[in-house]
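Visitor: Structure supplied as structure-v2.cif; contents: mmCIF, C-alpha atoms.
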```
data_run
#
loop_
_atom_site.label_atom_id
_atom_site.label_comp_id
_atom_site.auth_asym_id
_atom_site.auth_seq_id
_atom_site.Cartn_x
_atom_site.Cartn_y
_atom_site.Cartn_z
CA MET A 19 34.61 37.19 -44.98
CA GLU A 20 34.44 34.34 -47.44
CA GLY A 21 32.54 31.28 -48.43
CA VAL A 22 28.99 32.11 -47.44
CA ARG A 23 26.64 29.34 -48.55
CA TYR A 24 23.43 30.77 -50.03
CA GLU A 25 20.20 28.78 -50.22
CA ALA A 26 16.80 29.94 -51.44
CA PRO A 27 14.32 27.18 -50.58
CA GLU A 28 10.77 27.31 -51.92
CA THR A 29 9.04 25.74 -48.91
CA LEU A 30 8.99 26.50 -45.19
CA GLN A 31 9.87 22.87 -44.45
CA ALA A 32 12.99 23.10 -46.59
CA ALA A 33 14.01 26.37 -44.92
CA VAL A 34 13.58 24.87 -41.44
CA ALA A 35 15.58 21.78 -42.45
CA LEU A 36 18.42 23.95 -43.80
CA LEU A 37 18.61 25.98 -40.59
CA ALA A 38 18.37 22.85 -38.41
CA GLY A 39 21.16 21.20 -40.37
CA ALA A 40 23.51 24.19 -40.31
CA THR A 41 26.91 23.45 -38.84
CA GLY A 42 28.11 27.06 -38.48
CA ALA A 43 26.35 30.37 -37.92
CA ALA A 44 23.20 30.66 -40.00
CA ARG A 45 21.03 33.69 -40.75
CA VAL A 46 17.64 34.12 -42.33
CA LEU A 47 17.73 36.57 -45.25
CA ALA A 48 14.59 38.55 -46.09
CA GLY A 49 15.11 42.02 -47.61
CA GLY A 50 18.73 42.03 -46.46
CA THR A 51 18.80 45.72 -45.57
CA ASP A 52 20.10 44.92 -42.10
CA VAL A 53 21.72 41.48 -42.60
CA ILE A 54 23.86 42.55 -45.58
CA VAL A 55 25.00 45.71 -43.78
CA GLN A 56 25.97 43.59 -40.76
CA MET A 57 27.89 41.20 -43.04
CA GLU A 58 29.65 44.05 -44.86
CA THR A 59 30.71 45.62 -41.57
CA ASP A 60 31.80 42.24 -40.12
CA LEU A 61 29.28 42.39 -37.28
CA ILE A 62 28.13 38.94 -38.34
CA GLU A 63 29.92 36.26 -40.35
CA PRO A 64 27.32 33.68 -41.26
CA ALA A 65 28.35 30.42 -42.91
CA LEU A 66 24.82 29.93 -44.26
CA LEU A 67 22.20 32.36 -45.50
CA VAL A 68 18.67 31.04 -45.97
CA ASP A 69 16.79 33.41 -48.28
CA ILE A 70 13.08 33.07 -47.47
CA LYS A 71 11.80 35.31 -50.29
CA LYS A 72 11.00 32.42 -52.63
CA ILE A 73 8.61 30.89 -50.07
CA ARG A 74 5.02 31.80 -50.97
CA GLU A 75 3.80 32.19 -47.37
CA THR A 76 6.37 34.92 -46.64
CA ARG A 77 5.58 36.96 -49.73
CA GLN A 78 1.84 37.52 -49.87
CA ILE A 79 -0.81 39.75 -48.32
CA VAL A 80 -4.12 37.88 -48.06
CA GLY A 81 -7.44 38.29 -46.29
CA GLU A 82 -7.97 35.79 -43.46
CA ASN A 83 -11.02 35.51 -41.15
CA GLY A 84 -11.93 39.14 -41.72
CA GLY A 85 -8.39 40.32 -41.01
CA PHE A 86 -5.15 40.27 -42.96
CA ARG A 87 -2.18 37.93 -43.10
CA VAL A 88 0.97 39.70 -44.25
CA GLY A 89 4.06 37.70 -45.19
CA ALA A 90 7.12 38.50 -43.10
CA ALA A 91 9.25 39.14 -46.21
CA VAL A 92 6.76 41.30 -48.15
CA PRO A 93 8.75 44.41 -49.08
CA GLY A 94 7.58 47.76 -47.75
CA MET A 95 6.74 49.16 -51.19
CA GLU A 96 4.28 46.29 -51.74
CA ILE A 97 2.65 46.95 -48.38
CA VAL A 98 2.20 50.68 -49.01
CA ALA A 99 0.74 49.90 -52.47
CA HIS A 100 -1.89 47.49 -51.07
CA ALA A 101 -5.03 49.65 -51.02
CA ALA A 102 -7.21 47.43 -48.82
CA PHE A 103 -4.48 46.94 -46.23
CA CYS A 104 -3.70 50.67 -46.18
CA LYS A 105 -7.38 51.42 -45.58
CA ALA A 106 -7.68 48.91 -42.72
CA TRP A 107 -4.37 49.63 -40.95
CA PRO A 108 -3.16 53.16 -41.78
CA GLY A 109 -1.04 53.28 -38.62
CA VAL A 110 0.90 50.15 -39.56
CA VAL A 111 1.42 51.68 -42.99
CA ASP A 112 2.61 54.95 -41.32
CA GLY A 113 5.37 52.89 -39.71
CA VAL A 114 6.32 51.03 -42.89
CA LYS A 115 6.49 54.31 -44.85
CA LEU A 116 9.11 55.61 -42.44
CA ILE A 117 11.53 52.70 -42.92
CA GLY A 118 14.45 54.12 -44.90
CA SER A 119 14.30 55.39 -48.46
CA ILE A 120 12.19 54.20 -51.40
CA GLN A 121 15.17 52.00 -52.36
CA ILE A 122 15.30 50.47 -48.87
CA LYS A 123 11.54 49.88 -48.85
CA GLY A 124 11.91 48.08 -52.17
CA ARG A 125 13.50 45.30 -50.12
CA ALA A 126 12.97 45.86 -46.38
CA SER A 127 10.15 43.88 -44.73
CA MET A 128 8.21 43.96 -41.46
CA GLY A 129 9.63 40.54 -40.56
CA GLY A 130 13.16 41.83 -40.93
CA ASN A 131 12.33 45.03 -39.07
CA LEU A 132 11.04 42.93 -36.15
CA CYS A 133 13.83 40.34 -36.12
CA ASN A 134 16.58 42.98 -36.32
CA ALA A 135 15.19 43.90 -32.89
CA SER A 136 16.08 47.56 -32.85
CA PRO A 137 14.06 49.38 -30.17
CA ALA A 138 13.63 52.16 -32.77
CA ALA A 139 12.18 49.93 -35.53
CA ASP A 140 9.34 51.94 -37.07
CA SER A 141 6.94 49.14 -38.04
CA VAL A 142 7.07 47.37 -34.67
CA PRO A 143 5.11 49.78 -32.42
CA PRO A 144 2.13 49.91 -34.82
CA LEU A 145 2.17 46.11 -35.21
CA ILE A 146 2.09 45.75 -31.44
CA ALA A 147 -0.65 48.38 -31.08
CA ALA A 148 -2.60 46.49 -33.75
CA GLY A 149 -2.44 43.31 -31.69
CA ALA A 150 -0.62 41.54 -34.52
CA ILE A 151 0.25 37.88 -34.01
CA ALA A 152 3.42 36.50 -35.56
CA ARG A 153 3.37 33.00 -37.04
CA ILE A 154 6.67 31.27 -36.37
CA ILE A 155 7.92 28.00 -37.77
CA GLY A 156 10.87 26.03 -36.48
CA PRO A 157 12.23 22.57 -35.77
CA ASN A 158 9.39 21.97 -33.27
CA GLY A 159 6.63 23.05 -35.61
CA MET A 160 4.45 26.14 -35.84
CA ARG A 161 3.56 28.58 -33.07
CA GLU A 162 1.65 31.86 -32.89
CA VAL A 163 3.15 34.63 -30.75
CA PRO A 164 2.07 38.22 -30.03
CA VAL A 165 4.58 40.56 -31.69
CA GLU A 166 5.40 42.25 -28.36
CA ASP A 167 6.85 38.96 -27.05
CA ILE A 168 9.49 38.70 -29.80
CA PRO A 169 12.03 41.49 -29.11
CA ILE A 170 13.82 40.97 -25.78
CA GLY A 171 16.61 43.53 -26.08
CA PRO A 172 18.57 45.49 -28.66
CA GLY A 173 19.40 42.99 -31.42
CA LYS A 174 17.92 40.09 -29.43
CA THR A 175 14.70 38.15 -29.95
CA SER A 176 12.90 35.33 -28.18
CA LEU A 177 13.11 33.18 -31.34
CA ALA A 178 14.75 29.82 -30.74
CA LYS A 179 17.60 28.55 -32.93
CA GLY A 180 16.30 27.70 -36.38
CA GLU A 181 12.98 29.53 -36.04
CA ILE A 182 11.63 31.77 -38.80
CA VAL A 183 8.93 34.45 -38.61
CA VAL A 184 6.63 33.51 -41.50
CA SER A 185 3.82 36.06 -41.38
CA PHE A 186 1.75 38.43 -39.28
CA PHE A 187 -1.98 38.17 -38.61
CA LEU A 188 -3.77 41.47 -38.14
CA PRO A 189 -7.20 40.91 -36.63
CA PRO A 190 -10.54 42.09 -38.07
CA ARG A 191 -11.37 45.74 -37.36
CA PRO A 192 -14.50 46.67 -35.43
CA ALA A 193 -16.36 49.68 -36.88
CA LEU A 194 -15.06 53.06 -35.67
CA SER A 195 -11.47 51.90 -35.24
CA GLY A 196 -8.35 53.82 -36.12
CA ASP A 197 -4.62 53.52 -35.67
CA ALA A 198 -1.66 55.85 -36.14
CA TYR A 199 2.10 55.89 -35.71
CA GLN A 200 4.19 59.01 -35.33
CA ARG A 201 7.87 59.32 -34.65
CA PHE A 202 10.02 62.24 -33.70
CA THR A 203 13.22 62.74 -35.70
CA PRO A 204 15.36 65.80 -36.40
CA ARG A 205 14.92 65.19 -40.15
CA THR A 206 11.69 64.18 -41.86
CA GLU A 207 13.27 61.36 -43.91
CA MET A 208 16.15 58.93 -43.61
CA ASP A 209 16.45 59.17 -39.85
CA ILE A 210 16.00 56.94 -36.82
CA ALA A 211 13.29 57.53 -34.24
CA VAL A 212 14.15 59.50 -31.12
CA VAL A 213 10.72 58.44 -29.92
CA GLY A 214 7.97 56.54 -31.77
CA VAL A 215 4.38 56.14 -30.61
CA ALA A 216 1.63 53.92 -31.99
CA VAL A 217 -1.99 54.14 -30.88
CA ASN A 218 -4.81 51.83 -31.96
CA LEU A 219 -8.31 52.49 -30.65
CA THR A 220 -12.00 51.70 -31.13
CA LEU A 221 -14.97 53.97 -30.36
CA ASP A 222 -18.59 53.16 -29.63
CA GLY A 223 -21.44 54.95 -31.44
CA GLY A 224 -21.36 57.74 -28.88
CA GLY A 225 -17.66 58.41 -29.41
CA THR A 226 -16.41 56.78 -26.22
CA CYS A 227 -13.21 54.75 -26.50
CA THR A 228 -13.97 51.09 -25.81
CA ALA A 229 -10.58 49.56 -26.59
CA ALA A 230 -7.06 50.89 -27.00
CA ARG A 231 -3.47 49.73 -27.29
CA VAL A 232 -0.49 52.08 -27.03
CA ALA A 233 3.09 51.11 -27.94
CA LEU A 234 6.26 53.17 -27.54
CA GLY A 235 9.45 52.83 -29.58
CA ALA A 236 13.03 54.01 -28.93
CA VAL A 237 12.48 54.72 -25.22
CA ALA A 238 13.54 51.36 -23.73
CA PRO A 239 15.60 48.29 -24.69
CA THR A 240 12.53 46.94 -26.53
CA VAL A 241 9.38 48.44 -27.96
CA LEU A 242 6.94 48.75 -25.04
CA LEU A 243 3.23 47.93 -24.90
CA VAL A 244 1.97 50.33 -22.23
CA LYS A 245 -1.26 49.20 -20.61
CA GLU A 246 -1.47 52.25 -18.32
CA ALA A 247 -1.42 54.52 -21.38
CA ALA A 248 -4.23 52.55 -23.02
CA ASP A 249 -6.22 52.58 -19.77
CA ALA A 250 -6.01 56.38 -19.75
CA LEU A 251 -8.04 56.39 -22.99
CA ILE A 252 -10.52 53.57 -22.45
CA GLY A 253 -13.90 54.82 -21.20
CA THR A 254 -13.18 58.41 -22.24
CA ARG A 255 -13.98 60.53 -25.28
CA LEU A 256 -10.29 61.48 -25.49
CA ASP A 257 -10.94 64.83 -23.86
CA ASP A 258 -8.04 66.98 -22.69
CA ALA A 259 -7.93 65.35 -19.26
CA ALA A 260 -7.72 61.86 -20.78
CA LEU A 261 -4.96 62.96 -23.17
CA GLU A 262 -3.06 64.46 -20.24
CA ARG A 263 -3.29 61.14 -18.35
CA LEU A 264 -2.15 59.36 -21.52
CA ALA A 265 0.89 61.64 -21.79
CA LYS A 266 1.81 61.08 -18.13
CA ALA A 267 1.46 57.30 -18.48
CA ALA A 268 3.54 57.26 -21.66
CA SER A 269 6.31 59.35 -20.09
CA ALA A 270 6.25 57.23 -16.93
CA ALA A 271 6.80 54.04 -18.95
CA CYS A 272 9.98 55.29 -20.64
CA ARG A 273 13.34 53.81 -19.68
CA PRO A 274 15.45 55.50 -22.36
CA ILE A 275 19.16 55.91 -22.94
CA ASP A 276 21.05 59.13 -23.55
CA ASP A 277 22.56 59.20 -27.01
CA LYS A 278 23.36 61.58 -29.85
CA ARG A 279 19.69 61.67 -30.87
CA GLY A 280 18.34 62.73 -27.52
CA THR A 281 18.81 62.77 -23.77
CA ARG A 282 16.78 60.64 -21.37
CA GLU A 283 14.89 63.67 -20.12
CA TYR A 284 14.09 64.81 -23.65
CA ARG A 285 12.83 61.39 -24.75
CA VAL A 286 10.59 61.09 -21.67
CA LYS A 287 9.05 64.50 -22.37
CA VAL A 288 8.65 63.91 -26.13
CA ALA A 289 7.01 60.51 -25.54
CA GLY A 290 4.15 62.20 -23.70
CA VAL A 291 3.69 64.96 -26.28
CA LEU A 292 3.83 62.52 -29.19
CA ALA A 293 1.41 60.11 -27.49
CA LYS A 294 -1.21 62.86 -27.37
CA ARG A 295 -0.73 63.81 -31.02
CA THR A 296 -0.79 60.19 -32.16
CA ALA A 297 -3.94 59.44 -30.14
CA GLN A 298 -5.66 62.45 -31.73
CA GLN A 299 -4.73 61.20 -35.21
CA ALA A 300 -5.99 57.70 -34.40
CA LEU A 301 -9.19 59.28 -33.08
CA GLU A 302 -9.74 61.23 -36.32
CA ARG A 303 -9.24 58.06 -38.32
CA ALA A 304 -11.63 56.10 -36.11
CA ARG A 305 -14.30 58.79 -36.52
CA ALA A 306 -13.76 58.81 -40.29
CA GLY A 307 -14.49 55.07 -40.27
CA ARG A 308 -18.11 55.80 -39.44
CA MET B 2 38.33 27.95 -52.35
CA SER B 3 34.96 29.47 -51.72
CA LYS B 4 32.02 28.08 -53.57
CA LYS B 5 31.11 30.01 -56.72
CA TYR B 6 27.53 30.41 -57.84
CA HIS B 7 26.59 30.54 -61.50
CA VAL B 8 23.98 33.24 -62.07
CA THR B 9 22.01 34.06 -65.21
CA THR B 10 20.28 37.44 -65.37
CA THR B 11 19.16 40.03 -67.89
CA VAL B 12 21.16 43.26 -67.60
CA ASN B 13 19.95 46.27 -69.62
CA GLY B 14 18.04 43.92 -71.91
CA ASP B 15 20.90 41.49 -72.61
CA GLU B 16 21.21 38.03 -71.13
CA CYS B 17 24.19 37.95 -68.85
CA GLU B 18 25.97 35.19 -66.95
CA PHE B 19 28.46 35.53 -64.14
CA LEU B 20 30.10 33.63 -61.31
CA CYS B 21 29.97 35.05 -57.80
CA GLU B 22 30.55 34.12 -54.19
CA GLY B 23 27.64 33.91 -51.77
CA GLN B 24 28.45 37.14 -49.97
CA GLN B 25 29.27 39.23 -53.05
CA THR B 26 26.91 42.14 -53.57
CA LEU B 27 25.21 43.00 -56.83
CA LEU B 28 27.14 46.29 -56.76
CA ASP B 29 30.48 44.43 -56.64
CA VAL B 30 29.49 42.16 -59.51
CA LEU B 31 28.22 45.02 -61.67
CA ARG B 32 31.40 47.02 -61.22
CA ASP B 33 34.11 44.38 -60.90
CA GLU B 34 32.85 41.37 -62.87
CA LEU B 35 30.59 42.92 -65.51
CA MET B 36 32.66 46.11 -65.83
CA LEU B 37 29.54 48.27 -65.57
CA SER B 38 31.16 50.97 -63.47
CA GLY B 39 28.44 53.57 -64.07
CA THR B 40 26.79 52.39 -60.85
CA LYS B 41 28.74 54.02 -58.02
CA GLU B 42 29.63 52.91 -54.52
CA GLY B 43 29.06 55.56 -51.90
CA CYS B 44 28.42 54.35 -48.37
CA GLY B 45 27.95 50.63 -48.98
CA THR B 46 25.27 50.54 -46.28
CA GLY B 47 22.12 51.70 -48.08
CA ASP B 48 22.17 55.26 -46.82
CA CYS B 49 23.34 57.26 -49.86
CA GLY B 50 21.61 55.77 -52.90
CA ALA B 51 24.63 56.15 -55.23
CA CYS B 52 24.35 52.47 -56.18
CA THR B 53 20.62 52.61 -57.07
CA VAL B 54 19.55 50.20 -59.82
CA ILE B 55 16.25 48.68 -60.87
CA LEU B 56 15.88 44.99 -59.97
CA ASP B 57 12.79 43.26 -61.37
CA GLY B 58 11.10 46.64 -61.74
CA THR B 59 11.87 47.78 -58.18
CA MET B 60 14.32 50.48 -57.18
CA VAL B 61 16.97 49.04 -54.84
CA CYS B 62 20.40 49.80 -53.45
CA SER B 63 22.67 47.33 -55.27
CA CYS B 64 25.02 47.35 -52.26
CA LEU B 65 22.23 45.68 -50.26
CA VAL B 66 21.43 42.93 -52.76
CA LEU B 67 23.49 39.76 -52.99
CA ALA B 68 24.45 39.02 -56.57
CA VAL B 69 23.36 35.41 -56.13
CA GLU B 70 19.82 36.63 -55.32
CA THR B 71 19.43 38.00 -58.85
CA GLU B 72 19.31 34.57 -60.54
CA GLY B 73 16.61 34.73 -63.21
CA GLY B 74 16.11 38.44 -62.54
CA THR B 75 16.18 41.60 -64.60
CA ILE B 76 18.58 44.43 -63.77
CA ASP B 77 18.55 47.92 -65.25
CA THR B 78 21.53 50.20 -64.68
CA ILE B 79 22.57 53.66 -65.83
CA GLU B 80 24.39 52.13 -68.81
CA GLY B 81 20.99 51.25 -70.29
CA MET B 82 19.49 54.72 -69.95
CA ALA B 83 20.68 56.42 -73.15
CA LYS B 84 19.57 54.86 -76.42
CA GLY B 85 22.83 54.72 -78.36
CA GLU B 86 24.01 58.30 -78.70
CA ALA B 87 20.62 59.72 -77.69
CA LEU B 88 20.58 60.77 -74.07
CA HIS B 89 17.45 60.25 -71.97
CA PRO B 90 15.62 63.57 -71.35
CA LEU B 91 16.67 63.36 -67.69
CA GLN B 92 20.34 63.00 -68.64
CA ARG B 93 20.13 65.90 -71.10
CA ASN B 94 18.37 68.19 -68.64
CA PHE B 95 20.85 67.37 -65.87
CA LEU B 96 23.65 68.43 -68.25
CA GLU B 97 21.90 71.56 -69.47
CA LEU B 98 20.75 72.74 -66.04
CA ASN B 99 23.88 71.75 -64.09
CA GLY B 100 22.12 69.07 -62.07
CA LEU B 101 25.50 67.61 -61.19
CA GLN B 102 28.92 68.70 -60.04
CA CYS B 103 31.24 65.83 -59.11
CA GLY B 104 28.83 63.29 -60.62
CA ILE B 105 29.16 60.43 -58.14
CA CYS B 106 25.52 60.62 -57.06
CA THR B 107 24.23 61.25 -60.59
CA PRO B 108 23.69 57.70 -61.91
CA GLY B 109 21.70 56.78 -58.82
CA ILE B 110 19.68 59.99 -58.96
CA LEU B 111 18.92 59.52 -62.66
CA ILE B 112 17.72 55.95 -62.08
CA ALA B 113 15.59 57.07 -59.13
CA ALA B 114 14.17 60.07 -61.00
CA ARG B 115 13.23 57.91 -63.99
CA ALA B 116 11.44 55.48 -61.66
CA LEU B 117 9.50 58.43 -60.19
CA LEU B 118 8.48 59.83 -63.58
CA GLU B 119 7.32 56.41 -64.75
CA ARG B 120 4.91 56.30 -61.78
CA ASN B 121 4.06 59.97 -61.70
CA PRO B 122 4.75 62.04 -64.85
CA ASP B 123 3.86 65.31 -63.11
CA PRO B 124 5.24 65.23 -59.56
CA THR B 125 5.23 68.27 -57.29
CA GLU B 126 8.52 69.61 -55.97
CA THR B 127 7.70 68.06 -52.59
CA GLU B 128 7.04 64.68 -54.19
CA ILE B 129 10.37 64.86 -56.04
CA ARG B 130 12.25 65.80 -52.87
CA TYR B 131 10.70 62.99 -50.83
CA TRP B 132 11.20 60.41 -53.60
CA LEU B 133 14.89 61.38 -53.87
CA ALA B 134 15.43 61.50 -50.09
CA GLY B 135 17.44 58.28 -50.31
CA ASN B 136 19.91 59.78 -52.80
CA LEU B 137 22.51 62.00 -51.16
CA CYS B 138 24.36 64.73 -53.06
CA ARG B 139 27.19 66.58 -51.32
CA CYS B 140 27.80 69.17 -54.09
CA THR B 141 24.72 70.78 -55.56
CA GLY B 142 22.53 71.59 -52.59
CA TYR B 143 19.81 69.64 -54.47
CA ASP B 144 18.10 72.66 -55.98
CA LYS B 145 19.55 72.16 -59.47
CA ILE B 146 18.76 68.46 -59.28
CA ILE B 147 15.11 69.22 -58.56
CA ARG B 148 14.97 71.81 -61.38
CA SER B 149 16.52 69.29 -63.78
CA VAL B 150 13.97 66.62 -62.88
CA GLN B 151 11.13 69.14 -63.26
CA ALA B 152 12.40 70.24 -66.68
CA ALA B 153 12.78 66.65 -67.87
CA ALA B 154 9.31 65.79 -66.59
CA LYS B 155 7.83 68.74 -68.47
CA GLU B 156 9.65 67.76 -71.66
CA MET B 157 8.54 64.14 -71.33
CA ARG B 158 4.93 65.26 -70.92
CA GLY B 159 5.28 66.96 -74.28
CA GLY B 160 6.19 70.42 -73.08
CA ARG B 161 2.91 70.89 -71.24
CA SER B 162 3.08 72.06 -67.65
#
```
For this file, write the structure as C-alpha cells.

Guide:
Amino acid sequence: MEGVRYEAPETLQAAVALLAGATGAARVLAGGTDVIVQMETDLIEPALLVDIKKIRETRQIVGENGGFRVGAAVPGMEIVAHAAFCKAWPGVVDGVKLIGSIQIKGRASMGGNLCNASPAADSVPPLIAAGAIARIIGPNGMREVPVEDIPIGPGKTSLAKGEIVVSFFLPPRPALSGDAYQRFTPRTEMDIAVVGVAVNLTLDGGGTCTAARVALGAVAPTVLLVKEAADALIGTRLDDAALERLAKAASAACRPIDDKRGTREYRVKVAGVLAKRTAQQALERARAGR
Amino acid sequence: MSKKYHVTTTVNGDECEFLCEGQQTLLDVLRDELMLSGTKEGCGTGDCGACTVILDGTMVCSCLVLAVETEGGTIDTIEGMAKGEALHPLQRNFLELNGLQCGICTPGILIAARALLERNPDPTETEIRYWLAGNLCRCTGYDKIIRSVQAAAKEMRGGRS
C-alpha cells in the first residue's frame, strides 16, 4: 500500500468536509488498533485517513444532564481512570477493561470498538445495556442513535458514508441501579469473547427489579438486546426462578456460529449460565448503591 | 511518489525530525529511519507487545501508531532507559536473574514494567502478571521475568519489602 493521505482536523465540521470531499476510500482513525491492523494486513487500502483525536468533542468525558457524555475516541485507559464514570457505570468499565492489553487500551476507544462492528466487541454489550445513545455527525448534520442500531453485521454498521460517531450519552442513574459485563474466554486476558453478557438493572426500595436491559455479545452477527431476558427480571427480586427464566431467554436468543472458540451448542448453553452470573453481579452493585 | 510528511517529535529527550509516508508506523520509523532498533517487531498486529514504547506518557504498541500521528509528541524507547553506562534497576535485575533468553520481548517488557512501577512501586505478583499480559515471551515461561520485576521494584523502593 502507498500514498495514504493523513489529516487530523480540529473540528467536527472540518472532519465531515474531508470525508465528504474524499475521492477514494476514506476511513476514520480513532485509536487505530483495528484500522491500522486492517491496513497492515491489506484488508483495507484507504486513500484518506481522517484522525479524529484532535477534535475536542471526541476526546472528553463530561457530565451532561445528570448523566455522562463520553467522547468516541477517548482511550480505554482514560475511561478506566475516570473515578466518577467508573462509579456510575461499572459494567461499561468492565467491558472497556477487557479490550486487549494495557498497550491496546492506551489507544483503543469505545467509538472504534463499536464501529469495527465485531459481534464480540467487549464494550458494546454494556453500552447497549446502559441505554447509551450515540451522537453521529455527517454531511446531513447531527443525529442521535441508540447504540444497538449501529452494528448491522460483522464489520458492518448502519452509518452512512461520511458519518462519524462523535460521543456516547449515558443517561442519569436512578438510585439502586447496577450494571455488569462478563465474558467467557479460555484465557483471562488477551482473548476474544466466546460469549459476553451485559446486564443493567434498577431496584425499588423493596428490592424488586423495576427496569432491566440485557445484551448478549458473540452469539449472533451483531450484539443483541434481548427484551425477553430483561422481562424475565422485571417485577422479580431476582430469585432462582427469575434467574432460570433469564437463562432460558438468553439461550433462546442466541444465533451463534461454530468456530475455534466454541460450538453453537456450547455458546447457547454458556450464554444462559453467564446471564445468571452477570445479573447477580449487577444486583449486588445495585444493592450497594443504596 | 507518495506524499511525505515532515514530523517533529521528542525522542528520548532529544528533538527529532523525520519524513514519513501516511501509512508508515511509528515502529517502522523508529527502526528504519531513526535507526533505533532496540524496539522490536514481533507480530505487527498489537498482540505481542514487543514494540511497546511510551507515547506522550502512555504505553502503546508502536506497530499500531502511525508515525505521522506523533507530530509534536514525546516518545520514550528502550534506548533512553539506561543513563549512559548505568543500567536501569530493571535492566540490571533482568540480567542478574535471567529474566530473558532470546531477548526479543525484553525491550517491550522493560518499558512496560517501568510504566507499572511508576504507577505502583509495590505491585503484587498478580498485578505484575496482568499488567504484562500484553507482552508475550516464548522462552522464559514468565517466572523469571516476574522475579526480575519484583527484585527491581524492591531495589527501587530502597530495599524495603

Visitor: For the structure provided, state which residues fall under the PyMOL selection byres ((chain A) within 10 of (chain B)), and present them as number ranges by chain.

Guide: A: 19-26, 49-59, 63-67, 69, 71, 95, 118-126, 206-209

Visitor: My list of candidates is A:Val34, A:Val80, A:Ala270, A:Ala250. Which is closest to Ala178 of chain A when distances are computed with all atoms listed in the file?

Guide: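 Residue with the minimum atom-to-atom distance to Ala178 of chain A: A:Val34.
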
Visitor: Write out as a list of chain:residue names the residues lying within 9 Å of segment 100-103 of chain B, counting all atoms listed in the file and excluding same-chain residues fewer than 4 positions away.

Guide: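 Once the adjacent positions are removed, what remains is B:Asn94, B:Phe95, B:Leu96, B:Thr107, B:Cys138, B:Arg139, B:Cys140, B:Thr141, B:Tyr143, B:Asp144, B:Lys145, B:Ile146, B:Ile147, B:Arg148, B:Ser149, B:Val150.
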
Visitor: Check what the PyMOL selection byres ((chain A and resi 188) around 8) selects in the file above and give those residues as a list in words.

Guide: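 Checked against the file, the PyMOL selection byres ((chain A and resi 188) around 8) matches Gly85, Phe86, Arg87, Val88, Ala148, Gly149, Ala150, Ile151, Phe186, Phe187, Pro189 and Pro190 of chain A.
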
Visitor: Those same residues, written as a compact mmCIF listing (two decimals), in the frame of the given file with C-alpha atoms?

Guide:
```txt
# COMPACT_ATOMS: atom_id res chain seq x y z
CA GLY A 85 -8.39 40.32 -41.01
CA PHE A 86 -5.15 40.27 -42.96
CA ARG A 87 -2.18 37.93 -43.10
CA VAL A 88 0.97 39.70 -44.25
CA ALA A 148 -2.60 46.49 -33.75
CA GLY A 149 -2.44 43.31 -31.69
CA ALA A 150 -0.62 41.54 -34.52
CA ILE A 151 0.25 37.88 -34.01
CA PHE A 186 1.75 38.43 -39.28
CA PHE A 187 -1.98 38.17 -38.61
CA PRO A 189 -7.20 40.91 -36.63
CA PRO A 190 -10.54 42.09 -38.07
```

Visitor: What does the structure give for the distance between atom CA of Val244 of chain A and atom CA of Ala271 of chain A, in Å to one decimal?

Guide: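 Those two atoms sit 6.9 Å apart.
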
Visitor: Can you tell me, as a VMD selection string, which residues sit within 12 Å of (7.3, 64.2, -69.8) in the file's frame, using all atoms listed in the file?

Guide: chain B and resid 89 to 91 94 114 to 115 117 to 124 150 to 162

Visitor: If you measure from atom CA of Ser127 of chain A to atom CA of Thr78 of chain B, what distance in Å do you get, rounded to one decimal?

Guide: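 Between these atoms lies a distance of 23.8 Å.
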
Visitor: For Asp140 of chain A, list every protein, DNA or RNA residue within 10 Å, evaluated using only C-alpha atoms, and leave out those in the same chain fewer than 2 positions away; present the list as number ranges by chain.

Guide: A: 110-118, 128, 131-132, 136-138, 142-145, 199-201, 210-211, 213-216, 235-236, 241

Visitor: Could you list, as a list in words, every residue matched by the PyMOL selection byres ((chain A and resi 70) around 9) in this structure?

Guide: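 Checked against the file, the PyMOL selection byres ((chain A and resi 70) around 9) matches Glu25, Ala26, Pro27, Glu28, Thr29, Leu30, Ala33, Val46, Leu47, Ala48, Val68, Asp69, Lys71, Lys72, Ile73, Arg74, Thr76, Arg77, Ala91, Ile182 and Val184 of chain A.
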
Visitor: Please produce an output containing C-alpha atoms for each residue in the selection, written as an mmCIF file, in the frame of the given file.

Guide:
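Written file, result-v2.cif:
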```
data_model
loop_
_atom_site.group_PDB
_atom_site.id
_atom_site.type_symbol
_atom_site.label_atom_id
_atom_site.label_comp_id
_atom_site.auth_asym_id
_atom_site.auth_seq_id
_atom_site.Cartn_x
_atom_site.Cartn_y
_atom_site.Cartn_z
ATOM 1 C CA GLU A 25 20.200 28.780 -50.220
ATOM 2 C CA ALA A 26 16.800 29.940 -51.440
ATOM 3 C CA PRO A 27 14.320 27.180 -50.580
ATOM 4 C CA GLU A 28 10.770 27.310 -51.920
ATOM 5 C CA THR A 29 9.040 25.740 -48.910
ATOM 6 C CA LEU A 30 8.990 26.500 -45.190
ATOM 7 C CA ALA A 33 14.010 26.370 -44.920
ATOM 8 C CA VAL A 46 17.640 34.120 -42.330
ATOM 9 C CA LEU A 47 17.730 36.570 -45.250
ATOM 10 C CA ALA A 48 14.590 38.550 -46.090
ATOM 11 C CA VAL A 68 18.670 31.040 -45.970
ATOM 12 C CA ASP A 69 16.790 33.410 -48.280
ATOM 13 C CA LYS A 71 11.800 35.310 -50.290
ATOM 14 C CA LYS A 72 11.000 32.420 -52.630
ATOM 15 C CA ILE A 73 8.610 30.890 -50.070
ATOM 16 C CA ARG A 74 5.020 31.800 -50.970
ATOM 17 C CA THR A 76 6.370 34.920 -46.640
ATOM 18 C CA ARG A 77 5.580 36.960 -49.730
ATOM 19 C CA ALA A 91 9.250 39.140 -46.210
ATOM 20 C CA ILE A 182 11.630 31.770 -38.800
ATOM 21 C CA VAL A 184 6.630 33.510 -41.500
#
```

Visitor: Near Gly196 of chain A, counting only C-alpha atoms, which residues have an atom at most 10 Å away, once you skip same-chain residues fewer than 5 positions from it, shown as a count of residues only?

Guide: 23

Visitor: Can you tell me, as a PyMOL selection string, what residues are no more than 12 Å from Ala265 of chain A when counting all atoms listed in the file, ignoring any on the same chain fewer than 3 positions away?

Guide: chain A and resi 215+232+234+244+246-251+256+258-262+268-272+286-298

Visitor: Could you tell me how far atom CA of Asp167 of chain A sits from atom CA of Gly180 of chain A, in Å to one decimal place?

Guide: 17.4 Å

Visitor: I'd like to know which of A:Gly173, A:Ile155, A:Lys179, A:Asp277 is closest to Ala40 of chain A, using only C-alpha atoms.

Guide: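 For Ala40 of chain A, the nearest of the candidates is A:Lys179.
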